Amino acid sequence: MTEDMFENIGLIAKYGDIQVKDCLNLLISFLLKRHLNVFVDASSADLLSHTNINVAANTEALGQNCDLIIVIGGDGTLLQAARLLAKYDVCLLGINLGRLGFLSDISPKEMEKYLGEILNGAYNSEDRLLIYAEVYRDKACLSYCNALNDIVIHRGNLSHMLTFETMIDGHFVNCQRADGLVVATPTGSTAYALSAGGPLIYPSLNALVLVTICPHTLSSRPLVIDGDSHIQITIVHDRIEQAQLNADGVLCQTLIPGDRVIIEKRQHIRLIHPEKHDHFAILRAKLDWSKSIYTHLND
């Protein structure tokens, strides 16, 4: 890819400490020196030290005007941007100011070096799938949401477990009692699904994983299925209390017995990484794989 591949650059910064502000303004100066068109999300505009910068009314406006969106923050900030921008033909790049990031893989100290290489065409790109959920009560669709990491049905503040039925592509899978269920993408396999005992799935695979949260049985195991599967989860407990449906940790809908949640793959987002991006190196760093062995070998 050539340098003029990315000409209109959108910036989204998580509002926070002075490090966010400094990183944003340093990034703007770098991009302006390359004579690129820079647009800043309205929620980040009060952090600007520069004048005469294009301010987009919202994240969706960035999607309409930009071909590359740079997100300054942690994975949570990038997840939110991905959900809003999935319907646009844009690329996402993350500058990591968070603590444990699997998506935002460029540190502020390396920003100018790697961003210069990326703008010169030296980068890797990968498509990450998003999942989409619709909630039905009787025959009416109450709400819908999308997620890059996961859709989670859980008991919320209930004092007892949920009972729910799962069907995949019209086939009955099981009816179980548990604290909830995580339906995760390969991207989300390193998030809540991992904490609940699920497997790590390579990001490019067309797959989904279902991981039960604290099941009331010893035989429950994570289930990896085809990414094009149609999943239906029905709340079947007869107690009239509310459960919750979250998308990437954001509350989308309260659920009552009889509600049906339909989940399937829909949309993709394209992530940009430095040319030497290594997924397994990130896993080693974030999960401390064989840390004691490497420490011993280096002694």
# chains A, B, ... in the order shown; residues from 1 in each chain; ligands from 1
>>> select_by_dssp(residues="range 87-182 of chain A", states="strand (DSSP E or B)", output="ChimeraX atom specification")
/A:91-96,106,123-137,140-147,150-154,162-168,171-178,180-182
>>> write_last_selection(atoms="C-alpha atoms", output="PDB file, in the first residue's frame")
ATOM      1  CA  CYS A  91      -9.311   1.038   9.317  1.00  0.00           C
ATOM      2  CA  LEU A  92      -8.596   1.223  13.049  1.00  0.00           C
ATOM      3  CA  LEU A  93      -5.233   1.679  14.739  1.00  0.00           C
ATOM      4  CA  GLY A  94      -4.749   1.687  18.516  1.00  0.00           C
ATOM      5  CA  ILE A  95      -2.293   3.691  20.641  1.00  0.00           C
ATOM      6  CA  ASN A  96      -2.198   1.862  23.950  1.00  0.00           C
ATOM      7  CA  ILE A 106       1.491   0.675  19.827  1.00  0.00           C
ATOM      8  CA  TYR A 123       1.894  -2.436   7.936  1.00  0.00           C
ATOM      9  CA  ASN A 124      -0.268  -5.518   8.412  1.00  0.00           C
ATOM     10  CA  SER A 125      -4.044  -5.444   8.329  1.00  0.00           C
ATOM     11  CA  GLU A 126      -6.559  -7.995   9.508  1.00  0.00           C
ATOM     12  CA  ASP A 127     -10.326  -8.245   9.484  1.00  0.00           C
ATOM     13  CA  ARG A 128     -11.991  -8.947  12.823  1.00  0.00           C
ATOM     14  CA  LEU A 129     -15.592 -10.142  12.879  1.00  0.00           C
ATOM     15  CA  LEU A 130     -18.301  -8.584  15.023  1.00  0.00           C
ATOM     16  CA  ILE A 131     -21.397 -10.319  16.351  1.00  0.00           C
ATOM     17  CA  TYR A 132     -24.889  -8.894  16.429  1.00  0.00           C
ATOM     18  CA  ALA A 133     -27.652  -9.599  18.934  1.00  0.00           C
ATOM     19  CA  GLU A 134     -31.398  -9.020  18.711  1.00  0.00           C
ATOM     20  CA  VAL A 135     -33.715  -9.381  21.710  1.00  0.00           C
ATOM     21  CA  TYR A 136     -37.271 -10.604  21.105  1.00  0.00           C
ATOM     22  CA  ARG A 137     -40.176 -10.545  23.547  1.00  0.00           C
ATOM     23  CA  ALA A 140     -41.474  -8.013  18.847  1.00  0.00           C
ATOM     24  CA  CYS A 141     -37.808  -7.023  18.569  1.00  0.00           C
ATOM     25  CA  LEU A 142     -37.029  -4.953  21.671  1.00  0.00           C
ATOM     26  CA  SER A 143     -33.452  -3.974  20.932  1.00  0.00           C
ATOM     27  CA  TYR A 144     -30.275  -4.867  19.094  1.00  0.00           C
ATOM     28  CA  CYS A 145     -26.554  -4.334  19.590  1.00  0.00           C
ATOM     29  CA  ASN A 146     -23.196  -5.397  18.179  1.00  0.00           C
ATOM     30  CA  ALA A 147     -19.915  -6.404  19.779  1.00  0.00           C
ATOM     31  CA  ASP A 150     -18.600 -10.681  23.255  1.00  0.00           C
ATOM     32  CA  ILE A 151     -22.304 -10.769  23.952  1.00  0.00           C
ATOM     33  CA  VAL A 152     -22.945 -11.789  27.568  1.00  0.00           C
ATOM     34  CA  ILE A 153     -26.186 -12.891  29.205  1.00  0.00           C
ATOM     35  CA  HIS A 154     -25.865 -12.911  32.980  1.00  0.00           C
ATOM     36  CA  LEU A 162     -30.463 -18.287  35.379  1.00  0.00           C
ATOM     37  CA  THR A 163     -32.034 -21.146  33.497  1.00  0.00           C
ATOM     38  CA  PHE A 164     -31.655 -20.805  29.753  1.00  0.00           C
ATOM     39  CA  GLU A 165     -31.965 -22.895  26.620  1.00  0.00           C
ATOM     40  CA  THR A 166     -29.440 -22.770  23.780  1.00  0.00           C
ATOM     41  CA  MET A 167     -30.079 -23.665  20.147  1.00  0.00           C
ATOM     42  CA  ILE A 168     -27.578 -23.497  17.278  1.00  0.00           C
ATOM     43  CA  HIS A 171     -30.706 -27.636  16.748  1.00  0.00           C
ATOM     44  CA  PHE A 172     -31.280 -27.936  20.492  1.00  0.00           C
ATOM     45  CA  VAL A 173     -27.966 -27.903  22.380  1.00  0.00           C
ATOM     46  CA  ASN A 174     -28.889 -27.878  26.061  1.00  0.00           C
ATOM     47  CA  CYS A 175     -30.869 -26.325  28.869  1.00  0.00           C
ATOM     48  CA  GLN A 176     -28.714 -25.348  31.808  1.00  0.00           C
ATOM     49  CA  ARG A 177     -28.575 -23.419  35.051  1.00  0.00           C
ATOM     50  CA  ALA A 178     -25.671 -21.013  35.474  1.00  0.00           C
ATOM     51  CA  GLY A 180     -24.807 -16.717  32.531  1.00  0.00           C
ATOM     52  CA  LEU A 181     -23.344 -17.353  29.103  1.00  0.00           C
ATOM     53  CA  VAL A 182     -20.577 -15.646  27.094  1.00  0.00           C
TER      54      VAL A 182
END
>>> closest_atom_pairs(of="range 68-176 of chain A", to="range 7-28 of chain A", cutoff="9 Å", atoms="only C-alpha atoms", output="tab-separated table")
residue	atom	partner	partner_atom	distance
A:Leu68	CA	A:Ile9	CA	5.1
A:Ile69	CA	A:Gly10	CA	4.5
A:Ile70	CA	A:Leu11	CA	5.0
A:Val71	CA	A:Ile12	CA	4.8
A:Ile72	CA	A:Ala13	CA	4.6
A:Gly73	CA	A:Lys14	CA	5.3
A:Gly74	CA	A:Lys14	CA	8.1
A:Thr77	CA	A:Lys14	CA	6.4
A:Leu78	CA	A:Ile12	CA	8.8
A:Ala81	CA	A:Ile12	CA	8.1
A:Ile95	CA	A:Cys23	CA	9.0
A:Leu97	CA	A:Val20	CA	7.6
A:Pro108	CA	A:Cys23	CA	6.7
A:Met111	CA	A:Leu27	CA	8.0
A:Glu112	CA	A:Leu27	CA	7.7
A:Leu119	CA	A:Glu7	CA	9.0
>>> write_last_selection(atoms="N, CA and C atoms", output="PDB file, in the first residue's frame")
ATOM      1  N   LEU A  68      -8.680   6.196   7.905  1.00  0.00           N
ATOM      2  CA  LEU A  68      -7.977   5.605   9.038  1.00  0.00           C
ATOM      3  C   LEU A  68      -8.390   6.334  10.302  1.00  0.00           C
ATOM      4  N   ILE A  69      -8.769   5.568  11.323  1.00  0.00           N
ATOM      5  CA  ILE A  69      -9.112   6.129  12.633  1.00  0.00           C
ATOM      6  C   ILE A  69      -8.066   5.653  13.631  1.00  0.00           C
ATOM      7  N   ILE A  70      -7.417   6.597  14.307  1.00  0.00           N
ATOM      8  CA  ILE A  70      -6.442   6.259  15.341  1.00  0.00           C
ATOM      9  C   ILE A  70      -7.092   6.489  16.699  1.00  0.00           C
ATOM     10  N   VAL A  71      -7.074   5.452  17.526  1.00  0.00           N
ATOM     11  CA  VAL A  71      -7.723   5.496  18.835  1.00  0.00           C
ATOM     12  C   VAL A  71      -6.651   5.544  19.913  1.00  0.00           C
ATOM     13  N   ILE A  72      -6.714   6.570  20.758  1.00  0.00           N
ATOM     14  CA  ILE A  72      -5.751   6.727  21.850  1.00  0.00           C
ATOM     15  C   ILE A  72      -6.451   6.342  23.144  1.00  0.00           C
ATOM     16  N   GLY A  73      -5.972   5.286  23.777  1.00  0.00           N
ATOM     17  CA  GLY A  73      -6.603   4.810  25.002  1.00  0.00           C
ATOM     18  C   GLY A  73      -6.304   3.339  25.184  1.00  0.00           C
ATOM     19  N   GLY A  74      -7.193   2.633  25.848  1.00  0.00           N
ATOM     20  CA  GLY A  74      -7.038   1.198  26.018  1.00  0.00           C
ATOM     21  C   GLY A  74      -7.954   0.437  25.078  1.00  0.00           C
ATOM     22  N   THR A  77     -11.678   1.694  24.753  1.00  0.00           N
ATOM     23  CA  THR A  77     -11.918   2.815  23.839  1.00  0.00           C
ATOM     24  C   THR A  77     -11.975   2.323  22.398  1.00  0.00           C
ATOM     25  N   LEU A  78     -11.086   1.386  22.054  1.00  0.00           N
ATOM     26  CA  LEU A  78     -11.083   0.865  20.698  1.00  0.00           C
ATOM     27  C   LEU A  78     -12.313   0.006  20.437  1.00  0.00           C
ATOM     28  N   ALA A  81     -15.167   2.285  19.597  1.00  0.00           N
ATOM     29  CA  ALA A  81     -15.014   2.828  18.249  1.00  0.00           C
ATOM     30  C   ALA A  81     -15.352   1.778  17.200  1.00  0.00           C
ATOM     31  N   ILE A  95      -3.433   3.250  19.827  1.00  0.00           N
ATOM     32  CA  ILE A  95      -2.293   3.691  20.641  1.00  0.00           C
ATOM     33  C   ILE A  95      -2.629   3.323  22.078  1.00  0.00           C
ATOM     34  N   LEU A  97      -2.770   3.253  25.859  1.00  0.00           N
ATOM     35  CA  LEU A  97      -2.539   3.904  27.139  1.00  0.00           C
ATOM     36  C   LEU A  97      -3.145   3.095  28.278  1.00  0.00           C
ATOM     37  N   PRO A 108       2.853   4.907  23.265  1.00  0.00           N
ATOM     38  CA  PRO A 108       3.132   6.301  22.916  1.00  0.00           C
ATOM     39  C   PRO A 108       4.595   6.559  22.574  1.00  0.00           C
ATOM     40  N   MET A 111       5.132   5.573  18.994  1.00  0.00           N
ATOM     41  CA  MET A 111       4.070   6.045  18.110  1.00  0.00           C
ATOM     42  C   MET A 111       4.601   6.633  16.814  1.00  0.00           C
ATOM     43  N   GLU A 112       5.525   7.577  16.898  1.00  0.00           N
ATOM     44  CA  GLU A 112       6.005   8.244  15.688  1.00  0.00           C
ATOM     45  C   GLU A 112       6.742   7.269  14.777  1.00  0.00           C
ATOM     46  N   LEU A 119       2.182   4.829   7.619  1.00  0.00           N
ATOM     47  CA  LEU A 119       1.775   5.802   6.605  1.00  0.00           C
ATOM     48  C   LEU A 119       2.596   5.673   5.328  1.00  0.00           C
TER      49      LEU A 119
END
>>> atom_distance(atom1="CA of Gly170 in chain A", atom2="CA of Gln242 in chain A")
25.7 Å
>>> residues_around(residues="range 58-63 of chain A", least_positions_apart="5", cutoff="7 Å", atoms="only C-alpha atoms", output="PyMOL selection string")
chain A and resi 10+41-42+84-85+88+90
>>> closest_residue(among="A:Ser159, A:Ser220, A:Asn206, A:Thr212", to="Ala243 in chain A", atoms="only C-alpha atoms")
A:Ser159
>>> closest_residue(among="A:Ala184, A:Leu194, A:Met161, A:Ile235", to="Leu210 in chain A", atoms="only C-alpha atoms")
A:Ala184
>>> closest_atom_pairs(of="range 36-122 of chain A", to="range 259-268 of chain A", cutoff="10 Å", atoms="only C-alpha atoms", output="tab-separated table")
residue	atom	partner	partner_atom	distance
A:Ala82	CA	A:His268	CA	8.9
A:Arg83	CA	A:Gln267	CA	9.4
A:Leu85	CA	A:His268	CA	9.5
A:Ala86	CA	A:His268	CA	6.0
A:Lys87	CA	A:Gln267	CA	6.8
A:Tyr88	CA	A:His268	CA	9.5
A:Asp89	CA	A:His268	CA	9.4
>>> select_by_dssp(residues="range 125-272 of chain A", states="alpha helix (DSSP H)", output="list in words")
Tyr192, Ala193, Leu194 and Ser195 of chain A
>>> closest_residue(among="A:Gly116, A:Gly156, A:Gly198, A:Gly101", to="Leu283 in chain A", atoms="only C-alpha atoms")
A:Gly101
>>> closest_residue(among="A:Leu205, A:Ala247, A:Leu47, A:Ile233", to="Tyr192 in chain A", atoms="only C-alpha atoms")
A:Ala247
>>> closest_residue(among="A:Lys113, A:Leu287, A:Ser104, A:His237", to="Ser195 in chain A", atoms="only C-alpha atoms")
A:Leu287
